[in-house]
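run.pdb, holding PDB, C-alpha atoms, pLDDT in the B column:
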ATOM      1  CA  MET L   1       9.592  76.744 176.853  1.00 80.00           C
ATOM      2  CA  PRO L   2      12.474  75.968 174.477  1.00 88.00           C
ATOM      3  CA  ARG L   3      15.639  74.534 176.013  1.00 93.00           C
ATOM      4  CA  LEU L   4      19.252  75.328 175.181  1.00 95.00           C
ATOM      5  CA  GLU L   5      21.343  72.311 174.159  1.00 95.00           C
ATOM      6  CA  PRO L   6      24.934  71.890 173.024  1.00 96.00           C
ATOM      7  CA  LEU L   7      25.003  71.144 169.308  1.00 96.00           C
ATOM      8  CA  HIS L   8      25.387  67.428 168.506  1.00 95.00           C
ATOM      9  CA  ALA L   9      25.189  65.144 165.479  1.00 95.00           C
ATOM     10  CA  GLY L  10      21.518  64.365 166.106  1.00 94.00           C
ATOM     11  CA  HIS L  11      20.585  68.003 165.483  1.00 93.00           C
ATOM     12  CA  ALA L  12      21.605  67.895 161.793  1.00 94.00           C
ATOM     13  CA  ASP L  13      18.168  67.472 160.190  1.00 93.00           C
ATOM     14  CA  ALA L  14      16.411  69.933 162.500  1.00 93.00           C
ATOM     15  CA  LEU L  15      19.206  72.471 162.078  1.00 94.00           C
ATOM     16  CA  LEU L  16      19.065  72.257 158.301  1.00 93.00           C
ATOM     17  CA  ALA L  17      15.275  72.731 158.429  1.00 93.00           C
ATOM     18  CA  PHE L  18      15.724  75.750 160.731  1.00 93.00           C
ATOM     19  CA  GLU L  19      18.243  77.371 158.377  1.00 91.00           C
ATOM     20  CA  ARG L  20      16.166  76.663 155.242  1.00 91.00           C
ATOM     21  CA  ASP L  21      12.854  77.758 156.751  1.00 92.00           C
ATOM     22  CA  ASN L  22      14.336  81.036 157.992  1.00 91.00           C
ATOM     23  CA  ARG L  23      16.757  81.839 155.178  1.00 91.00           C
ATOM     24  CA  ALA L  24      14.847  84.825 153.790  1.00 90.00           C
ATOM     25  CA  TYR L  25      14.105  86.151 157.275  1.00 87.00           C
ATOM     26  CA  PHE L  26      17.751  85.931 158.314  1.00 86.00           C
ATOM     27  CA  ALA L  27      18.956  87.467 155.054  1.00 81.00           C
ATOM     28  CA  ALA L  28      16.901  90.574 155.856  1.00 78.00           C
ATOM     29  CA  HIS L  29      18.990  91.076 159.013  1.00 74.00           C
ATOM     30  CA  VAL L  30      22.368  89.389 158.494  1.00 72.00           C
ATOM     31  CA  PRO L  31      24.382  88.340 155.437  1.00 68.00           C
ATOM     32  CA  ASP L  32      22.961  85.282 153.663  1.00 71.00           C
ATOM     33  CA  ARG L  33      24.889  82.033 154.081  1.00 80.00           C
ATOM     34  CA  GLY L  34      24.732  81.339 150.333  1.00 75.00           C
ATOM     35  CA  ASP L  35      23.598  78.289 148.386  1.00 78.00           C
ATOM     36  CA  ASP L  36      26.852  76.439 149.072  1.00 84.00           C
ATOM     37  CA  TYR L  37      26.026  76.332 152.776  1.00 83.00           C
ATOM     38  CA  PHE L  38      22.853  74.348 152.083  1.00 84.00           C
ATOM     39  CA  THR L  39      24.341  72.162 149.343  1.00 86.00           C
ATOM     40  CA  HIS L  40      27.174  71.019 151.617  1.00 90.00           C
ATOM     41  CA  PHE L  41      25.332  71.203 154.923  1.00 92.00           C
ATOM     42  CA  ALA L  42      26.235  67.691 156.137  1.00 91.00           C
ATOM     43  CA  ALA L  43      29.960  68.346 155.709  1.00 92.00           C
ATOM     44  CA  ARG L  44      29.616  71.781 157.329  1.00 91.00           C
ATOM     45  CA  HIS L  45      27.755  70.300 160.308  1.00 94.00           C
ATOM     46  CA  ALA L  46      30.441  67.626 160.757  1.00 95.00           C
ATOM     47  CA  ALA L  47      33.137  70.315 160.595  1.00 94.00           C
ATOM     48  CA  LEU L  48      31.379  72.367 163.284  1.00 93.00           C
ATOM     49  CA  LEU L  49      31.189  69.341 165.568  1.00 96.00           C
ATOM     50  CA  ALA L  50      34.882  68.595 164.989  1.00 96.00           C
ATOM     51  CA  GLU L  51      35.764  72.214 165.748  1.00 95.00           C
ATOM     52  CA  GLN L  52      33.635  72.118 168.897  1.00 96.00           C
ATOM     53  CA  ALA L  53      35.437  68.949 170.012  1.00 96.00           C
ATOM     54  CA  THR L  54      38.720  70.899 170.050  1.00 95.00           C
ATOM     55  CA  GLY L  55      37.264  73.421 172.523  1.00 93.00           C
ATOM     56  CA  ALA L  56      37.794  76.329 170.111  1.00 94.00           C
ATOM     57  CA  CYS L  57      34.032  76.907 169.789  1.00 96.00           C
ATOM     58  CA  ARG L  58      30.833  76.122 171.673  1.00 97.00           C
ATOM     59  CA  PHE L  59      27.714  75.781 169.543  1.00 97.00           C
ATOM     60  CA  HIS L  60      24.200  75.674 171.014  1.00 97.00           C
ATOM     61  CA  VAL L  61      20.684  75.232 169.678  1.00 97.00           C
ATOM     62  CA  LEU L  62      17.391  76.299 171.180  1.00 95.00           C
ATOM     63  CA  VAL L  63      14.966  73.372 170.842  1.00 93.00           C
ATOM     64  CA  ASP L  64      11.197  73.540 171.353  1.00 91.00           C
ATOM     65  CA  ASP L  65       9.040  70.805 172.906  1.00 89.00           C
ATOM     66  CA  ALA L  66       8.412  69.225 169.472  1.00 89.00           C
ATOM     67  CA  GLY L  67      12.148  68.910 168.795  1.00 86.00           C
ATOM     68  CA  ALA L  68      12.285  71.758 166.273  1.00 91.00           C
ATOM     69  CA  ILE L  69      15.194  74.154 166.466  1.00 95.00           C
ATOM     70  CA  VAL L  70      14.006  77.718 167.012  1.00 96.00           C
ATOM     71  CA  GLY L  71      17.370  79.355 167.602  1.00 95.00           C
ATOM     72  CA  ARG L  72      21.143  79.151 167.708  1.00 95.00           C
ATOM     73  CA  VAL L  73      23.592  80.736 170.126  1.00 97.00           C
ATOM     74  CA  ASN L  74      27.274  80.237 169.412  1.00 96.00           C
ATOM     75  CA  LEU L  75      30.560  81.120 171.035  1.00 98.00           C
ATOM     76  CA  VAL L  76      33.436  81.097 168.569  1.00 97.00           C
ATOM     77  CA  ASP L  77      37.157  81.704 168.764  1.00 96.00           C
ATOM     78  CA  LEU L  78      37.555  80.865 172.449  1.00 96.00           C
ATOM     79  CA  VAL L  79      41.003  82.311 173.144  1.00 95.00           C
ATOM     80  CA  ASP L  80      42.578  83.748 176.292  1.00 95.00           C
ATOM     81  CA  GLY L  81      39.313  83.733 178.259  1.00 96.00           C
ATOM     82  CA  ALA L  82      37.272  85.501 175.584  1.00 97.00           C
ATOM     83  CA  ALA L  83      34.932  84.497 172.764  1.00 98.00           C
ATOM     84  CA  GLU L  84      32.755  86.001 170.054  1.00 98.00           C
ATOM     85  CA  LEU L  85      28.993  85.567 170.562  1.00 98.00           C
ATOM     86  CA  GLY L  86      26.583  85.047 167.681  1.00 95.00           C
ATOM     87  CA  PHE L  87      22.888  84.182 167.740  1.00 95.00           C
ATOM     88  CA  ARG L  88      19.797  83.872 165.561  1.00 92.00           C
ATOM     89  CA  ILE L  89      16.166  83.113 166.340  1.00 93.00           C
ATOM     90  CA  ALA L  90      13.518  81.688 163.986  1.00 94.00           C
ATOM     91  CA  GLU L  91      11.038  84.151 162.548  1.00 92.00           C
ATOM     92  CA  LYS L  92       8.113  82.324 164.203  1.00 92.00           C
ATOM     93  CA  ALA L  93       9.828  82.637 167.599  1.00 90.00           C
ATOM     94  CA  ALA L  94      10.997  86.254 167.287  1.00 88.00           C
ATOM     95  CA  GLY L  95       9.673  88.874 169.683  1.00 89.00           C
ATOM     96  CA  GLN L  96       8.993  86.384 172.500  1.00 90.00           C
ATOM     97  CA  GLY L  97      12.095  87.075 174.578  1.00 93.00           C
ATOM     98  CA  LEU L  98      13.751  83.802 173.524  1.00 94.00           C
ATOM     99  CA  ALA L  99      16.901  85.459 172.216  1.00 94.00           C
ATOM    100  CA  THR L 100      17.355  87.463 175.399  1.00 96.00           C
ATOM    101  CA  ALA L 101      16.872  84.360 177.565  1.00 95.00           C
ATOM    102  CA  ALA L 102      19.110  82.138 175.407  1.00 96.00           C
ATOM    103  CA  VAL L 103      21.922  84.699 175.312  1.00 97.00           C
ATOM    104  CA  GLN L 104      21.695  85.052 179.097  1.00 96.00           C
ATOM    105  CA  GLN L 105      21.969  81.272 179.477  1.00 95.00           C
ATOM    106  CA  VAL L 106      25.024  81.181 177.226  1.00 97.00           C
ATOM    107  CA  CYS L 107      26.623  84.050 179.153  1.00 97.00           C
ATOM    108  CA  THR L 108      26.201  82.001 182.335  1.00 95.00           C
ATOM    109  CA  LEU L 109      27.630  78.883 180.659  1.00 95.00           C
ATOM    110  CA  ALA L 110      30.522  80.910 179.281  1.00 97.00           C
ATOM    111  CA  ALA L 111      31.528  81.994 182.775  1.00 96.00           C
ATOM    112  CA  THR L 112      30.744  78.830 184.728  1.00 95.00           C
ATOM    113  CA  ALA L 113      31.300  75.900 182.353  1.00 94.00           C
ATOM    114  CA  TYR L 114      33.695  77.309 179.763  1.00 95.00           C
ATOM    115  CA  GLY L 115      35.869  79.471 182.003  1.00 94.00           C
ATOM    116  CA  LEU L 116      35.502  82.633 179.936  1.00 97.00           C
ATOM    117  CA  ASN L 117      35.789  86.142 181.351  1.00 96.00           C
ATOM    118  CA  THR L 118      34.750  88.280 178.356  1.00 98.00           C
ATOM    119  CA  LEU L 119      32.331  88.016 175.459  1.00 98.00           C
ATOM    120  CA  HIS L 120      32.397  90.136 172.320  1.00 98.00           C
ATOM    121  CA  ALA L 121      29.649  90.562 169.727  1.00 98.00           C
ATOM    122  CA  ALA L 122      28.767  92.672 166.717  1.00 96.00           C
ATOM    123  CA  ALA L 123      25.474  93.630 165.125  1.00 94.00           C
ATOM    124  CA  THR L 124      24.714  95.734 162.110  1.00 91.00           C
ATOM    125  CA  VAL L 125      23.341  99.178 162.800  1.00 93.00           C
ATOM    126  CA  ALA L 126      20.117  98.135 161.034  1.00 89.00           C
ATOM    127  CA  ASN L 127      19.658  95.059 163.256  1.00 89.00           C
ATOM    128  CA  THR L 128      17.853  96.724 166.136  1.00 91.00           C
ATOM    129  CA  GLY L 129      16.616  93.417 167.554  1.00 90.00           C
ATOM    130  CA  SER L 130      20.094  91.947 168.018  1.00 93.00           C
ATOM    131  CA  ARG L 131      21.464  95.172 169.453  1.00 96.00           C
ATOM    132  CA  THR L 132      18.578  95.243 171.954  1.00 96.00           C
ATOM    133  CA  VAL L 133      19.248  91.632 173.012  1.00 96.00           C
ATOM    134  CA  LEU L 134      22.905  92.453 173.593  1.00 98.00           C
ATOM    135  CA  VAL L 135      22.169  95.549 175.695  1.00 98.00           C
ATOM    136  CA  ARG L 136      19.540  93.668 177.729  1.00 97.00           C
ATOM    137  CA  ASN L 137      22.217  91.106 178.519  1.00 97.00           C
ATOM    138  CA  GLY L 138      24.740  93.598 179.840  1.00 97.00           C
ATOM    139  CA  PHE L 139      26.807  94.161 176.697  1.00 98.00           C
ATOM    140  CA  THR L 140      28.096  97.682 176.156  1.00 98.00           C
ATOM    141  CA  GLU L 141      28.914  99.305 172.857  1.00 97.00           C
ATOM    142  CA  THR L 142      32.671  99.533 172.363  1.00 97.00           C
ATOM    143  CA  GLY L 143      33.106 100.763 168.809  1.00 97.00           C
ATOM    144  CA  THR L 144      32.200 100.405 165.185  1.00 97.00           C
ATOM    145  CA  THR L 145      33.034  97.855 162.520  1.00 96.00           C
ATOM    146  CA  VAL L 146      31.767  96.608 159.176  1.00 93.00           C
ATOM    147  CA  LEU L 147      29.982  93.275 158.726  1.00 87.00           C
ATOM    148  CA  ASP L 148      29.901  92.094 155.124  1.00 82.00           C
ATOM    149  CA  GLY L 149      29.863  95.661 153.866  1.00 85.00           C
ATOM    150  CA  HIS L 150      27.276  96.934 156.367  1.00 86.00           C
ATOM    151  CA  PRO L 151      28.029  99.402 159.170  1.00 93.00           C
ATOM    152  CA  ALA L 152      27.939  97.643 162.534  1.00 94.00           C
ATOM    153  CA  LEU L 153      28.564  98.183 166.204  1.00 97.00           C
ATOM    154  CA  ARG L 154      30.906  96.171 168.444  1.00 98.00           C
ATOM    155  CA  PHE L 155      29.853  95.143 171.953  1.00 98.00           C
ATOM    156  CA  THR L 156      31.627  93.629 174.957  1.00 98.00           C
ATOM    157  CA  ARG L 157      30.455  92.032 178.183  1.00 98.00           C
ATOM    158  CA  PRO L 158      32.732  91.119 181.065  1.00 97.00           C
ATOM    159  CA  LEU L 159      31.654  87.920 182.820  1.00 96.00           C
ATOM    160  CA  ALA L 160      31.679  87.360 186.555  1.00 80.00           C
ATOM    161  CA  PRO L 161      34.149  84.696 187.658  1.00 69.00           C
ATOM    162  CA  ALA L 162      32.678  81.282 188.362  1.00 54.00           C
TER     163      ALA L 162
END

Write-out of the structure in structure tokens:
Amino acid sequence: MPRLEPLHAGHADALLAFERDNRAYFAAHVPDRGDDYFTHFAARHAALLAEQATGACRFHVLVDDAGAIVGRVNLVDLVDGAAELGFRIAEKAAGQGLATAAVQQVCTLAATAYGLNTLHAAATVANTGSRTVLVRNGFTETGTTVLDGHPALRFTRPLAPA
């Protein structure tokens, strides 16, 4: 069973492989990161770690027994007890309940370790899988938005106090 780990410098190679291997799959569901993301990956990874060190974000990876990254679950913009949740699961790991379990773990961490009381998320209307994961984890639809030109839904989940 894959384990959730806080992102660290040692994840760089596996994370780049995860993003490259799943680029086309992700682009079918969410906006593509663009070539620049891959060209400057090392600098981007270092910037994420620096941002995480400030406490403004909490980045996590889902790592399988072989050390390969099969998912990401991130909390960004931690402000006033709230954060924005984002997640993605590798194509080979999709449909196995990993996203639901990883998001649940991060919700628990958000309340107990990070002191958050609310999580927000968004998913495009076409991304049924992500919307299902959110609903299964107690998120409720709160409105509409647009993500990179695509109609999307906003979700919120209150967290139980630690």

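Across the model, the gap from atom CA of Arg154 of chain L to atom CA of Ala123 of chain L is 6.9 Å.
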
**Request:** For Arg23 of chain L, list every protein, DNA or RNA residue within 10 Å, evaluated using only C-alpha atoms, and leave out those in the same chain fewer than 3 positions away; present the list as a VMD selection string.
**Result:** chain L and resid 17 to 20 26 to 28 30 32 to 34 90 to 91

**Prompt:** If we count all atoms listed in the file, what is near segment 43-47 of chain L at a cut-off of 8 Å, once residues fewer than 4 positions away on the same chain are taken out, given as a ChimeraX atom specification?
**Reply:** /L:9,12,37,51

Evaluating the PyMOL selection byres ((chain L and resi 61-70) around 10) on the displayed file yields which residues, as a short mmCIF file (atom, residue, chain, number, x, y, z; two decimals) with C-alpha atoms, in the frame of the given file?
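Result written to selection_1.cif:
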data_model
loop_
_atom_site.label_atom_id
_atom_site.label_comp_id
_atom_site.auth_asym_id
_atom_site.auth_seq_id
_atom_site.Cartn_x
_atom_site.Cartn_y
_atom_site.Cartn_z
CA MET L 1 9.59 76.74 176.85
CA PRO L 2 12.47 75.97 174.48
CA ARG L 3 15.64 74.53 176.01
CA LEU L 4 19.25 75.33 175.18
CA GLU L 5 21.34 72.31 174.16
CA PRO L 6 24.93 71.89 173.02
CA LEU L 7 25.00 71.14 169.31
CA HIS L 8 25.39 67.43 168.51
CA HIS L 11 20.58 68.00 165.48
CA ASP L 13 18.17 67.47 160.19
CA ALA L 14 16.41 69.93 162.50
CA LEU L 15 19.21 72.47 162.08
CA LEU L 16 19.07 72.26 158.30
CA ALA L 17 15.28 72.73 158.43
CA PHE L 18 15.72 75.75 160.73
CA GLU L 19 18.24 77.37 158.38
CA ASN L 22 14.34 81.04 157.99
CA PHE L 59 27.71 75.78 169.54
CA HIS L 60 24.20 75.67 171.01
CA GLY L 71 17.37 79.36 167.60
CA ARG L 72 21.14 79.15 167.71
CA VAL L 73 23.59 80.74 170.13
CA ASN L 74 27.27 80.24 169.41
CA PHE L 87 22.89 84.18 167.74
CA ARG L 88 19.80 83.87 165.56
CA ILE L 89 16.17 83.11 166.34
CA ALA L 90 13.52 81.69 163.99
CA GLU L 91 11.04 84.15 162.55
CA LYS L 92 8.11 82.32 164.20
CA ALA L 93 9.83 82.64 167.60
CA ALA L 94 11.00 86.25 167.29
CA LEU L 98 13.75 83.80 173.52
CA ALA L 99 16.90 85.46 172.22
CA ALA L 102 19.11 82.14 175.41
#

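In this comparison, which uses only C-alpha atoms, the residue of L:Ala121, L:Leu159, L:Ala83, L:Leu153 approaching Thr108 of chain L most closely is L:Leu159.
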
**Residue among L:Ala126, L:Cys107, L:Phe41, L:Val76 lying closest to Ala152 of chain L, counting all atoms listed in the file** =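 Going through L:Ala126, L:Cys107, L:Phe41, L:Val76 one by one, the smallest distance to Ala152 of chain L is for L:Ala126.
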
**Selected residue of minimal separation from Glu84 of chain L among L:His150, L:His40, L:Asp35, L:Ala122, counting all atoms listed in the file** =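 Checking each candidate against Glu84 of chain L, we get L:Ala122 as the closest.
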
**Asked** Which is closest to Pro158 of chain L among L:Leu119, L:Val146, L:Ala56, L:Val79, if we use only C-alpha atoms?
**Response** L:Leu119

**Atomic separation - atom CA of Thr144 of chain L relative to atom CA of Leu109 of chain L, Å** =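 For atom CA of Leu109 of chain L relative to atom CA of Thr144 of chain L, the distance reads 26.9 Å.
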
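For the pair atom CA of His120 of chain L and atom CA of Gly149 of chain L, the interatomic distance is 19.4 Å.
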
**Request:** Can you give me, as a PyMOL selection string, the residues this file yields under the PyMOL selection byres ((chain L and resi 137) around 9)?
**Result:** chain L and resi 100-101+103-104+107+132-136+138-139+157

**Prompt:** Could you name the residues that touch Pro151 of chain L at 7 Å or less, counting only C-alpha atoms, but leaving out those on the same chain fewer than 4 positions away, as a list in words?
**Reply:**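 My list of contacting residues is Thr124, Val125, Thr145, Val146 and Leu147 of chain L.
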
**Item:** Output of the PyMOL selection byres ((chain L and resi 111) around 10), listed as a list of chain:residue names
**Value:**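 For this structure, the PyMOL selection byres ((chain L and resi 111) around 10) resolves to L:Gly81, L:Ala82, L:Val106, L:Cys107, L:Thr108, L:Leu109, L:Ala110, L:Thr112, L:Ala113, L:Tyr114, L:Gly115, L:Leu116, L:Asn117, L:Thr118, L:Leu119, L:Pro158, L:Leu159, L:Ala160, L:Pro161, L:Ala162.
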
**Item:** Selected residue of minimal separation from Leu85 of chain L among L:Thr156, L:Gly10, L:Ala24, L:Asp148, counting all atoms listed in the file
**Value:** L:Thr156

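With only C-alpha atoms as the atoms that count, the minimum distance from Gly86 of chain L to the choices L:Thr142, L:Leu49, L:Asp36, L:Arg131 is reached by L:Arg131.
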
Return as lines of an AutoDock Vina configuration file the box centre and box size in Å, one decimal, for an axis-aligned box around all listed atoms of segment 23-27 of chain L padded by 8 Å per side.
center_x = 16.5
center_y = 84.7
center_z = 156.1
size_x = 20.9
size_y = 21.6
size_z = 20.5

Return segment 90-104 of chain L, completed with N, CA and C atoms, as a compact mmCIF listing (two decimals), keeping the file's coordinate frame.
# COMPACT_ATOMS: atom_id res chain seq x y z
N ALA L 90 14.47 81.91 165.07
CA ALA L 90 13.52 81.69 163.99
C ALA L 90 12.49 82.81 163.93
N GLU L 91 12.04 83.10 162.73
CA GLU L 91 11.04 84.15 162.55
C GLU L 91 9.80 83.90 163.40
N LYS L 92 9.33 82.64 163.44
CA LYS L 92 8.11 82.32 164.20
C LYS L 92 8.30 82.49 165.71
N ALA L 93 9.54 82.52 166.17
CA ALA L 93 9.83 82.64 167.60
C ALA L 93 10.31 84.03 167.99
N ALA L 94 10.48 84.91 167.02
CA ALA L 94 11.00 86.25 167.29
C ALA L 94 10.00 87.06 168.12
N GLY L 95 10.52 87.97 168.91
CA GLY L 95 9.67 88.87 169.68
C GLY L 95 9.07 88.25 170.93
N GLN L 96 9.54 87.07 171.32
CA GLN L 96 8.99 86.38 172.50
C GLN L 96 9.97 86.36 173.67
N GLY L 97 11.11 87.05 173.52
CA GLY L 97 12.10 87.08 174.58
C GLY L 97 13.03 85.88 174.57
N LEU L 98 12.91 85.00 173.57
CA LEU L 98 13.75 83.80 173.52
C LEU L 98 15.22 84.14 173.32
N ALA L 99 15.51 85.09 172.46
CA ALA L 99 16.90 85.46 172.22
C ALA L 99 17.53 86.02 173.48
N THR L 100 16.83 86.88 174.16
CA THR L 100 17.36 87.46 175.40
C THR L 100 17.64 86.36 176.42
N ALA L 101 16.70 85.44 176.59
CA ALA L 101 16.87 84.36 177.56
C ALA L 101 18.00 83.41 177.15
N ALA L 102 18.08 83.06 175.88
CA ALA L 102 19.11 82.14 175.41
C ALA L 102 20.50 82.76 175.52
N VAL L 103 20.63 84.03 175.18
CA VAL L 103 21.92 84.70 175.31
C VAL L 103 22.32 84.77 176.78
N GLN L 104 21.38 85.03 177.67
CA GLN L 104 21.70 85.05 179.10
C GLN L 104 22.19 83.69 179.56
